[in-house]
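Shown next: structure-v4.txt, containing compact mmCIF, C-alpha atoms (C1' of nucleotides).
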```txt
# COMPACT_ATOMS: atom_id res chain seq x y z
CA MET J 99 -24.66 18.22 -65.05
CA PRO J 100 -27.59 20.37 -64.25
CA GLU J 101 -30.80 18.48 -63.58
CA LEU J 102 -34.07 19.68 -62.09
CA PRO J 103 -32.69 20.83 -58.69
CA GLU J 104 -29.77 22.70 -60.26
CA VAL J 105 -31.96 24.32 -62.92
CA GLU J 106 -34.51 25.26 -60.26
CA THR J 107 -31.73 26.92 -58.24
CA VAL J 108 -30.70 28.92 -61.31
CA ARG J 109 -34.35 29.85 -61.85
CA LEU J 110 -34.60 31.21 -58.32
CA GLY J 111 -31.47 33.24 -59.00
CA LEU J 112 -32.93 34.65 -62.20
CA ALA J 113 -36.15 35.58 -60.41
CA ALA J 114 -34.19 37.47 -57.79
CA ALA J 115 -31.52 39.07 -59.97
CA VAL J 116 -32.72 39.73 -63.50
CA VAL J 117 -36.52 39.69 -63.65
CA GLY J 118 -37.63 43.26 -64.37
CA ARG J 119 -34.39 44.10 -66.17
CA ARG J 120 -34.37 45.22 -69.79
CA VAL J 121 -31.94 43.81 -72.35
CA GLU J 122 -29.77 46.55 -73.81
CA GLY J 123 -27.10 44.48 -75.50
CA VAL J 124 -26.80 41.01 -77.03
CA GLU J 125 -23.48 39.46 -77.99
CA VAL J 126 -23.33 35.98 -79.47
CA THR J 127 -19.74 34.85 -79.95
CA GLY J 128 -20.25 31.08 -79.66
CA VAL J 129 -20.87 29.13 -82.84
CA ARG J 130 -23.34 26.57 -81.49
CA SER J 131 -25.04 28.12 -78.46
CA VAL J 132 -27.74 29.78 -80.58
CA ARG J 133 -28.67 27.27 -83.27
CA ARG J 134 -32.46 26.95 -83.48
CA GLN J 135 -32.70 30.37 -85.07
CA SER J 136 -30.27 32.79 -86.69
CA LYS J 137 -28.13 34.84 -84.36
CA ALA J 138 -29.65 37.97 -85.93
CA ALA J 139 -33.17 36.77 -85.14
CA PHE J 140 -32.11 35.89 -81.59
CA LYS J 141 -30.64 39.36 -81.04
CA LYS J 142 -33.65 41.09 -82.57
CA ALA J 143 -36.03 39.11 -80.37
CA LEU J 144 -34.16 40.11 -77.20
CA LEU J 145 -33.00 43.70 -77.73
CA GLY J 146 -35.15 46.15 -75.81
CA ARG J 147 -37.21 43.41 -74.17
CA THR J 148 -37.77 43.22 -70.42
CA PHE J 149 -37.57 39.93 -68.50
CA ALA J 150 -41.07 39.37 -67.15
CA GLY J 151 -40.58 36.20 -65.12
CA ALA J 152 -38.52 33.08 -64.53
CA LEU J 153 -40.08 29.64 -65.00
CA ARG J 154 -38.80 26.10 -65.40
CA ARG J 155 -40.09 23.03 -67.14
CA GLY J 156 -37.98 19.92 -66.58
CA LYS J 157 -34.42 20.97 -67.31
CA TYR J 158 -35.49 23.94 -69.44
CA LEU J 159 -35.37 27.48 -68.11
CA LEU J 160 -38.11 29.76 -69.42
CA VAL J 161 -37.83 33.54 -69.18
CA PRO J 162 -41.00 35.23 -70.45
CA LEU J 163 -40.41 38.54 -72.20
CA ASP J 164 -42.64 41.61 -72.13
CA ASP J 165 -43.78 41.02 -75.72
CA GLY J 166 -45.13 37.53 -75.02
CA ALA J 167 -42.17 35.56 -76.38
CA VAL J 168 -40.03 33.37 -74.10
CA LEU J 169 -36.27 33.14 -73.78
CA VAL J 170 -35.47 29.44 -73.41
CA ALA J 171 -32.22 28.05 -72.00
CA HIS J 172 -31.01 24.48 -71.66
CA LEU J 173 -27.68 23.95 -69.90
CA ARG J 174 -27.24 20.33 -71.01
CA MET J 175 -23.99 18.99 -69.60
CA SER J 176 -21.73 21.93 -68.98
CA GLY J 177 -23.76 25.08 -69.51
CA GLN J 178 -23.80 27.78 -66.87
CA LEU J 179 -25.67 31.05 -66.55
CA VAL J 180 -23.78 33.65 -64.56
CA HIS J 181 -25.03 37.00 -63.39
CA VAL J 182 -22.09 39.40 -63.39
CA VAL J 183 -22.75 42.65 -61.58
CA ASP J 184 -19.52 44.26 -62.78
CA PRO J 185 -19.21 43.87 -66.57
CA ALA J 186 -15.54 44.83 -66.32
CA LEU J 187 -14.83 41.40 -64.86
CA PRO J 188 -13.06 39.30 -67.50
CA ARG J 189 -15.11 36.76 -69.40
CA VAL J 190 -14.05 33.23 -68.57
CA LEU J 191 -13.10 30.81 -71.33
CA HIS J 192 -16.12 29.42 -73.23
CA THR J 193 -18.33 32.46 -72.64
CA HIS J 194 -20.58 32.24 -75.69
CA VAL J 195 -23.45 34.68 -75.11
CA VAL J 196 -23.58 37.91 -73.12
CA LEU J 197 -26.76 39.86 -72.44
CA GLY J 198 -26.18 43.40 -71.24
CA LEU J 199 -28.90 44.59 -68.87
CA ASP J 200 -30.20 48.05 -68.02
CA ASP J 201 -28.60 48.11 -64.56
CA ALA J 202 -25.18 47.64 -66.21
CA SER J 203 -24.99 44.01 -65.07
CA GLU J 204 -24.56 41.12 -67.48
CA LEU J 205 -26.12 37.70 -67.88
CA ARG J 206 -23.45 35.43 -69.37
CA PHE J 207 -23.83 31.97 -70.86
CA VAL J 208 -20.71 29.84 -70.40
CA ASP J 209 -20.55 26.35 -71.88
CA PRO J 210 -17.31 24.42 -72.56
CA ARG J 211 -18.96 21.50 -74.32
CA THR J 212 -21.39 23.63 -76.29
CA PHE J 213 -24.25 21.15 -75.94
CA GLY J 214 -26.33 23.78 -74.19
CA GLU J 215 -28.45 26.26 -76.09
CA LEU J 216 -30.43 29.46 -75.93
CA PHE J 217 -33.31 30.49 -78.15
CA VAL J 218 -36.34 32.74 -78.16
CA ALA J 219 -39.66 31.01 -78.75
CA ALA J 220 -42.61 33.05 -79.93
CA GLU J 221 -45.15 30.27 -80.33
CA LEU J 222 -46.60 29.26 -76.98
CA GLY J 223 -49.10 26.66 -75.90
CA PRO J 224 -52.09 27.42 -73.62
CA ASP J 225 -49.91 26.79 -70.55
CA GLY J 226 -47.39 29.41 -71.65
CA VAL J 227 -44.82 26.75 -72.49
CA PRO J 228 -43.27 26.98 -75.98
CA VAL J 229 -44.89 24.51 -78.36
CA VAL J 230 -41.46 23.12 -79.25
CA LEU J 231 -41.33 21.78 -75.67
CA ALA J 232 -44.76 20.18 -75.84
CA GLY J 233 -43.20 16.70 -75.66
CA LEU J 234 -42.00 17.24 -72.12
CA GLY J 235 -43.73 15.14 -69.49
CA THR J 236 -44.91 15.95 -65.98
CA ASP J 237 -42.67 18.23 -63.96
CA PRO J 238 -42.61 16.78 -60.43
CA LEU J 239 -42.18 20.19 -58.81
CA VAL J 240 -44.43 22.32 -61.01
CA ASP J 241 -47.21 19.79 -61.53
CA GLY J 242 -46.72 17.46 -58.58
CA LEU J 243 -46.46 13.72 -59.10
CA PRO J 244 -48.78 11.73 -56.83
CA ALA J 245 -48.43 7.94 -56.86
CA ALA J 246 -51.65 7.55 -58.83
CA ARG J 247 -50.31 9.75 -61.64
CA LEU J 248 -46.94 7.98 -61.58
CA GLY J 249 -48.77 4.68 -61.84
CA GLU J 250 -50.61 5.94 -64.93
CA LEU J 251 -47.34 6.99 -66.54
CA LEU J 252 -45.80 3.59 -65.79
CA HIS J 253 -48.80 1.68 -67.11
CA GLY J 254 -47.90 -0.36 -70.16
CA ARG J 255 -44.22 0.55 -70.00
CA ARG J 256 -41.86 -2.39 -70.47
CA THR J 257 -38.42 -1.06 -69.71
CA THR J 258 -35.98 -0.53 -66.86
CA LEU J 259 -36.80 1.89 -64.05
CA LYS J 260 -33.66 3.82 -64.96
CA ALA J 261 -34.70 4.28 -68.60
CA PHE J 262 -38.20 5.32 -67.50
CA LEU J 263 -36.93 7.95 -65.06
CA LEU J 264 -34.52 9.37 -67.66
CA ASP J 265 -37.20 9.62 -70.37
CA GLN J 266 -38.24 13.28 -70.38
CA ARG J 267 -41.52 12.45 -72.16
CA PHE J 268 -42.91 10.89 -68.98
CA VAL J 269 -41.30 12.73 -66.07
CA ALA J 270 -39.31 15.85 -66.95
CA GLY J 271 -36.23 16.96 -65.06
CA ILE J 272 -34.55 13.78 -63.82
CA GLY J 273 -31.05 12.99 -65.12
CA ASN J 274 -28.52 10.30 -64.35
CA LEU J 275 -27.58 11.53 -60.89
CA TYR J 276 -31.07 11.94 -59.46
CA ALA J 277 -32.33 8.79 -61.17
CA ASP J 278 -29.82 6.80 -59.11
CA GLU J 279 -30.56 8.70 -55.89
CA ILE J 280 -34.32 8.30 -56.37
CA CYS J 281 -33.98 4.55 -57.00
CA HIS J 282 -31.96 4.18 -53.80
CA ALA J 283 -34.44 6.22 -51.78
CA ALA J 284 -37.24 4.03 -53.12
CA GLY J 285 -35.39 0.78 -52.42
CA LEU J 286 -35.62 -0.17 -56.09
CA LEU J 287 -32.84 -1.26 -58.43
CA PRO J 288 -32.25 0.97 -61.47
CA SER J 289 -32.30 -2.22 -63.54
CA ARG J 290 -35.70 -3.19 -62.15
CA ARG J 291 -38.25 -3.89 -64.90
CA THR J 292 -41.10 -1.39 -64.77
CA GLU J 293 -43.72 -4.08 -65.51
CA THR J 294 -42.81 -5.85 -62.25
CA LEU J 295 -43.41 -2.84 -59.99
CA THR J 296 -46.11 -3.34 -57.36
CA ALA J 297 -48.50 -0.69 -56.06
CA GLY J 298 -46.31 -0.42 -52.98
CA ASP J 299 -43.23 0.08 -55.14
CA VAL J 300 -44.95 2.89 -57.04
CA GLU J 301 -45.94 4.53 -53.74
CA ARG J 302 -42.33 4.48 -52.55
CA LEU J 303 -41.09 5.66 -55.93
CA ALA J 304 -43.43 8.66 -55.92
CA ALA J 305 -42.34 9.54 -52.40
CA ALA J 306 -38.68 9.20 -53.42
CA VAL J 307 -39.08 11.46 -56.48
CA ALA J 308 -40.70 14.16 -54.36
CA GLY J 309 -38.41 13.74 -51.37
CA VAL J 310 -35.07 13.58 -53.17
CA LEU J 311 -35.83 16.48 -55.49
CA ALA J 312 -37.20 18.67 -52.71
CA GLU J 313 -34.16 18.08 -50.51
CA ALA J 314 -31.78 18.68 -53.43
CA VAL J 315 -33.55 21.95 -54.26
CA ARG J 316 -33.38 22.96 -50.59
CA LEU J 317 -29.60 22.42 -50.68
CA ARG J 318 -29.31 24.26 -53.99
CA GLY J 319 -28.34 21.30 -56.16
CA SER J 320 -25.28 19.09 -56.55
CA SER J 321 -21.82 20.24 -57.57
CA LEU J 322 -19.64 17.31 -58.63
CA ARG J 323 -15.87 16.92 -58.54
CA ASP J 324 -15.46 19.09 -61.61
CA ALA J 325 -17.35 21.90 -59.80
CA ARG J 326 -18.93 22.66 -63.15
CA TYR J 327 -22.34 23.40 -61.70
CA ARG J 328 -22.64 26.69 -59.91
CA ASP J 329 -25.65 28.87 -59.26
CA LEU J 330 -26.30 32.21 -60.92
CA ALA J 331 -24.03 33.97 -58.43
CA GLY J 332 -21.24 31.39 -58.79
CA ALA J 333 -21.85 29.48 -55.54
CA LEU J 334 -21.56 25.69 -55.32
CA GLY J 335 -24.49 23.45 -54.43
CA GLY J 336 -24.71 21.44 -51.23
CA TYR J 337 -26.54 18.22 -52.08
CA GLN J 338 -23.43 16.31 -53.23
CA ALA J 339 -22.57 15.62 -49.58
CA HIS J 340 -25.90 13.77 -49.26
CA HIS J 341 -25.51 11.44 -52.23
CA ALA J 342 -26.18 7.87 -51.15
CA VAL J 343 -24.97 6.10 -54.28
CA TYR J 344 -24.16 8.40 -57.23
CA ASP J 345 -20.44 8.34 -58.07
CA ARG J 346 -19.82 6.37 -54.82
CA ALA J 347 -18.92 2.93 -56.19
CA GLY J 348 -17.03 0.93 -53.55
CA GLU J 349 -18.02 3.30 -50.77
CA PRO J 350 -20.45 2.21 -48.03
CA CYS J 351 -24.19 2.66 -48.45
CA PRO J 352 -25.23 5.26 -45.84
CA SER J 353 -28.22 3.11 -44.89
CA CYS J 354 -26.56 -0.27 -44.37
CA GLY J 355 -22.81 0.04 -44.95
CA VAL J 356 -22.65 -2.43 -47.84
CA ALA J 357 -20.41 -1.27 -50.71
CA VAL J 358 -22.16 0.63 -53.47
CA GLU J 359 -21.93 -1.03 -56.89
CA ARG J 360 -21.85 0.42 -60.37
CA ILE J 361 -23.20 -1.18 -63.55
CA ARG J 362 -24.49 0.00 -66.90
CA VAL J 363 -28.25 0.29 -67.35
CA ALA J 364 -29.93 1.80 -70.40
CA GLY J 365 -26.47 2.65 -71.70
CA ARG J 366 -25.72 4.79 -68.66
CA SER J 367 -23.75 4.37 -65.45
CA ALA J 368 -26.01 3.24 -62.62
CA HIS J 369 -25.03 3.18 -58.94
CA PHE J 370 -26.93 1.18 -56.35
CA CYS J 371 -26.76 -0.63 -53.01
CA PRO J 372 -27.12 -4.38 -53.58
CA ALA J 373 -28.54 -4.82 -50.07
CA CYS J 374 -31.07 -1.99 -49.85
CA GLN J 375 -32.47 -2.11 -53.40
CA SER J 376 -34.35 -4.86 -55.18
C1' DA L 196 -2.98 8.56 -74.94
C1' DG L 197 -7.28 7.59 -75.10
C1' DA L 198 -11.49 6.13 -72.72
C1' DC L 199 -15.13 8.16 -70.41
C1' DA L 200 -18.81 11.21 -68.62
C1' DA L 201 -23.04 13.79 -69.61
C1' DG L 202 -28.39 15.13 -72.30
C1' DC L 203 -30.79 14.83 -76.20
C1' DC L 204 -31.60 13.84 -80.95
C1' DT L 205 -31.62 10.77 -84.93
C1' DG L 206 -31.53 6.46 -87.30
C1' DT L 207 -32.06 1.65 -87.35
C1' DA L 208 -33.09 -2.91 -85.60
C1' DC L 209 -36.01 -5.88 -83.16
C1' DG L 210 -39.87 -8.14 -80.52
C1' DC L 211 -44.60 -8.64 -79.03
C1' DT S 37 -48.60 -4.14 -89.12
C1' DG S 38 -47.35 -0.95 -85.90
C1' DC S 39 -45.79 0.54 -81.84
C1' DG S 40 -42.62 0.64 -78.06
C1' DT S 41 -38.23 -0.31 -76.81
C1' DA S 42 -33.09 -0.97 -77.37
C1' DC S 43 -28.91 0.44 -78.99
C1' DA S 44 -25.42 3.02 -81.43
C1' DG S 45 -23.63 7.24 -83.13
C1' DG S 46 -23.01 12.19 -83.05
C1' DC S 47 -22.03 16.42 -80.74
C1' DT S 48 -17.87 18.31 -77.27
C1' DT S 49 -13.95 18.87 -73.97
C1' DG S 50 -12.09 18.34 -69.40
C1' DT S 51 -10.61 14.70 -66.48
C1' DC S 52 -8.50 10.60 -65.10
```

Rewrite the coordinates I just gave you, this time as structure tokens.
Amino acid sequence: MPELPEVETVRLGLAAAVVGRRVEGVEVTGVRSVRRQSKAAFKKALLGRTFAGALRRGKYLLVPLDDGAVLVAHLRMSGQLVHVVDPALPRVLHTHVVLGLDDASELRFVDPRTFGELFVAAELGPDGVPVVLAGLGTDPLVDGLPAARLGELLHGRRTTLKAFLLDQRFVAGIGNLYADEICHAAGLLPSRRTETLTAGDVERLAAAVAGVLAEAVRLRGSSLRDARYRDLAGALGGYQAHHAVYDRAGEPCPSCGVAVERIRVAGRSAHFCPACQS
DNA sequence: AGACAAGCCTGTACGC
DNA sequence: TGCGTACAGGCTTGTC
């Protein structure tokens, strides 16, 4: 499930492979992948446009177009963007949108669970981010997230650390996997109440957010057992081999060897080391 | 065979 | 009262 590091890896791929290309064809065969606007409006907004950049905000990909609008993509659970150099290659099952580009390559959107979506946003805020995404919080990579800022965001919150990290209104880009890894790196339980965090805890949390995400981006994201996440060229990520706790219940904590446990927090699976985290 | 996983939205209930 | 939080349900399909 693509989170910030996976989406950032796709963004880097888009910047290298499709920025500067012009859209010459738009096919929308999926029923749900384009749902914020009509398929006709989506096609009209893209046809003839040139990709002018590749940005990311949280888990949203933003591709500015040469007319000032922005192509927005969210992969949700199972979405994948694939750059296919040879359009004669067969389309895999669940290919819902295909953009034909002026170098004869194709950008394909594949999404078995159809939670993901594409749309073109014309109304932008002063930061160039579509106004419909104005509710997104701080992006730790784009904006940085020093401990002082994290402390401000935590101020007054009365919830679990897990729920806080997953709430895109405060920090944008963290999902279930990286929430668990960040908690472990910070030595804090995912079930820890935010109102009990000390200044030292917040310092370690800020360092963990930055450190875990940076390392995961460096290794081009995490591909899980289903190998659903792949980068734009179809390659697997490398961070899954470095997971300390996520999806490792019963296996030894890499720091201390104690068995990793799994519980439910904020309605989600949460993995943690009972010895290293408090 | 059916529970489960995921992200995000919506609706509703509850507590300070 | 009102706000923030909690929880459940919906959407979907591949996997165990």

How far is it from CA of Leu205 (chain J) to CA of Val182 (chain J), in Å with one decimal?
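Result for CA of Leu205 (chain J) versus CA of Val182 (chain J): 6.3 Å, one decimal.
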
Within 12 Å of chain J, which residues of chain L come that close, and what is the closest atom pair and distance in Å for each? Count all atoms listed in the file and give it as a Markdown table.
```
| residue | atom | partner | partner_atom | distance |
| --- | --- | --- | --- | --- |
| L:DC199 | C1' | J:Ser367 | CA | 10.6 |
| L:DA200 | C1' | J:Ser367 | CA | 9.0 |
| L:DA201 | C1' | J:Met175 | CA | 5.3 |
| L:DG202 | C1' | J:Arg174 | CA | 5.5 |
| L:DC203 | C1' | J:Arg174 | CA | 8.4 |
| L:DC204 | C1' | J:Phe213 | CA | 11.5 |
| L:DG210 | C1' | J:Arg256 | CA | 11.7 |
| L:DC211 | C1' | J:Arg256 | CA | 10.9 |
```

Hey, list the chain S side of the contact with chain J: 9 Å cut-off, only C-alpha atoms (C1' of nucleotides), answer as an mmCIF file with C-alpha atoms (C1' of nucleotides), keeping the file's coordinate frame.
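Result saved to iface-v6.cif:
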```cif
data_model
loop_
_atom_site.group_PDB
_atom_site.id
_atom_site.type_symbol
_atom_site.label_atom_id
_atom_site.label_comp_id
_atom_site.auth_asym_id
_atom_site.auth_seq_id
_atom_site.Cartn_x
_atom_site.Cartn_y
_atom_site.Cartn_z
ATOM 1 C "C1'" DG S 40 -42.620 0.640 -78.060
ATOM 2 C "C1'" DT S 41 -38.230 -0.310 -76.810
ATOM 3 C "C1'" DA S 42 -33.090 -0.970 -77.370
ATOM 4 C "C1'" DC S 43 -28.910 0.440 -78.990
ATOM 5 C "C1'" DC S 47 -22.030 16.420 -80.740
ATOM 6 C "C1'" DT S 48 -17.870 18.310 -77.270
ATOM 7 C "C1'" DT S 49 -13.950 18.870 -73.970
ATOM 8 C "C1'" DG S 50 -12.090 18.340 -69.400
ATOM 9 C "C1'" DT S 51 -10.610 14.700 -66.480
#
```

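The two atoms in question, CA of Asp184 (chain J) and CA of Ser203 (chain J), are spaced 5.9 Å apart.
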
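CA of Val126 (chain J) sits 11.6 Å away from CA of His192 (chain J).
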
For Arg189 (chain J), which residue among J:Ala171, J:Thr127, J:Lys141, J:Gly226 is the nearest when counting all atoms listed in the file?
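That would be J:Thr127, the residue with the smallest distance to Arg189 (chain J).
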
Counting only C-alpha atoms (C1' of nucleotides), which residues sit no farther than 6 Å from the position (-40.7, 1.0, -60.9) in the file's frame? I'd like them as a compact mmCIF listing (two decimals) with C-alpha atoms, in the coordinates of the input.
```
# COMPACT_ATOMS: atom_id res chain seq x y z
CA LEU J 259 -36.80 1.89 -64.05
CA THR J 292 -41.10 -1.39 -64.77
CA LEU J 295 -43.41 -2.84 -59.99
```

Distance criterion (all atoms listed in the file): nearest to Tyr276 (chain J) out of J:Gly223, J:Gly309, J:Gly298, J:Gly335
J:Gly309

Residues within 8 Å of Val196 (chain J), all atoms listed in the file, excluding chain neighbours under 3 positions, as a PyMOL selection string
chain J and resi 123-126+193+204-207

Neighbour list for region 232-242 of chain J as a VMD selection string, cut-off 9 Å, all atoms listed in the file, skip fewer than 6 positions in-chain:
chain J and resid 102 154 to 156 223 265 to 271 307 to 308 311 to 312

From the list J:Glu349, J:Asp201, J:Asp278, J:Glu301, which residue is nearest Phe262 (chain J) when using all atoms listed in the file?
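Smallest distance to Phe262 (chain J) is found for J:Asp278.
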
Generate the missing atoms of region 132-145 of chain J up to N, CA, C and O atoms and report them as a short mmCIF file (atom, residue, chain, number, x, y, z; two decimals), keeping the file's coordinate frame.
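Generated output (part15.cif):
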```cif
data_model
loop_
_atom_site.label_atom_id
_atom_site.label_comp_id
_atom_site.auth_asym_id
_atom_site.auth_seq_id
_atom_site.Cartn_x
_atom_site.Cartn_y
_atom_site.Cartn_z
N VAL J 132 -26.46 29.35 -80.00
CA VAL J 132 -27.74 29.78 -80.58
C VAL J 132 -27.84 29.10 -81.94
O VAL J 132 -27.15 29.48 -82.88
N ARG J 133 -28.65 28.06 -82.03
CA ARG J 133 -28.67 27.27 -83.27
C ARG J 133 -30.08 26.94 -83.77
O ARG J 133 -30.23 26.42 -84.87
N ARG J 134 -31.09 27.23 -82.99
CA ARG J 134 -32.46 26.95 -83.48
C ARG J 134 -32.97 28.08 -84.35
O ARG J 134 -33.99 27.94 -85.02
N GLN J 135 -32.31 29.22 -84.27
CA GLN J 135 -32.70 30.37 -85.07
C GLN J 135 -31.41 31.11 -85.41
O GLN J 135 -30.36 30.82 -84.83
N SER J 136 -31.48 32.04 -86.33
CA SER J 136 -30.27 32.79 -86.69
C SER J 136 -29.87 33.67 -85.50
O SER J 136 -30.71 34.06 -84.68
N LYS J 137 -28.60 33.97 -85.44
CA LYS J 137 -28.13 34.84 -84.36
C LYS J 137 -28.77 36.22 -84.49
O LYS J 137 -29.08 36.86 -83.48
N ALA J 138 -29.00 36.66 -85.72
CA ALA J 138 -29.65 37.97 -85.93
C ALA J 138 -31.08 37.95 -85.38
O ALA J 138 -31.51 38.90 -84.72
N ALA J 139 -31.79 36.87 -85.63
CA ALA J 139 -33.17 36.77 -85.14
C ALA J 139 -33.18 36.70 -83.61
O ALA J 139 -34.06 37.28 -82.96
N PHE J 140 -32.22 36.00 -83.05
CA PHE J 140 -32.11 35.89 -81.59
C PHE J 140 -31.88 37.28 -80.98
O PHE J 140 -32.55 37.67 -80.02
N LYS J 141 -30.95 38.01 -81.55
CA LYS J 141 -30.64 39.36 -81.04
C LYS J 141 -31.86 40.28 -81.17
O LYS J 141 -32.21 41.00 -80.24
N LYS J 142 -32.50 40.23 -82.32
CA LYS J 142 -33.65 41.09 -82.57
C LYS J 142 -34.78 40.79 -81.58
O LYS J 142 -35.47 41.70 -81.12
N ALA J 143 -34.94 39.50 -81.26
CA ALA J 143 -36.03 39.11 -80.37
C ALA J 143 -35.77 39.55 -78.92
O ALA J 143 -36.71 39.68 -78.14
N LEU J 144 -34.50 39.78 -78.59
CA LEU J 144 -34.16 40.11 -77.20
C LEU J 144 -33.93 41.60 -76.95
O LEU J 144 -34.24 42.12 -75.88
N LEU J 145 -33.38 42.30 -77.94
CA LEU J 145 -33.00 43.70 -77.73
C LEU J 145 -34.20 44.56 -77.37
O LEU J 145 -35.22 44.55 -78.06
#
```
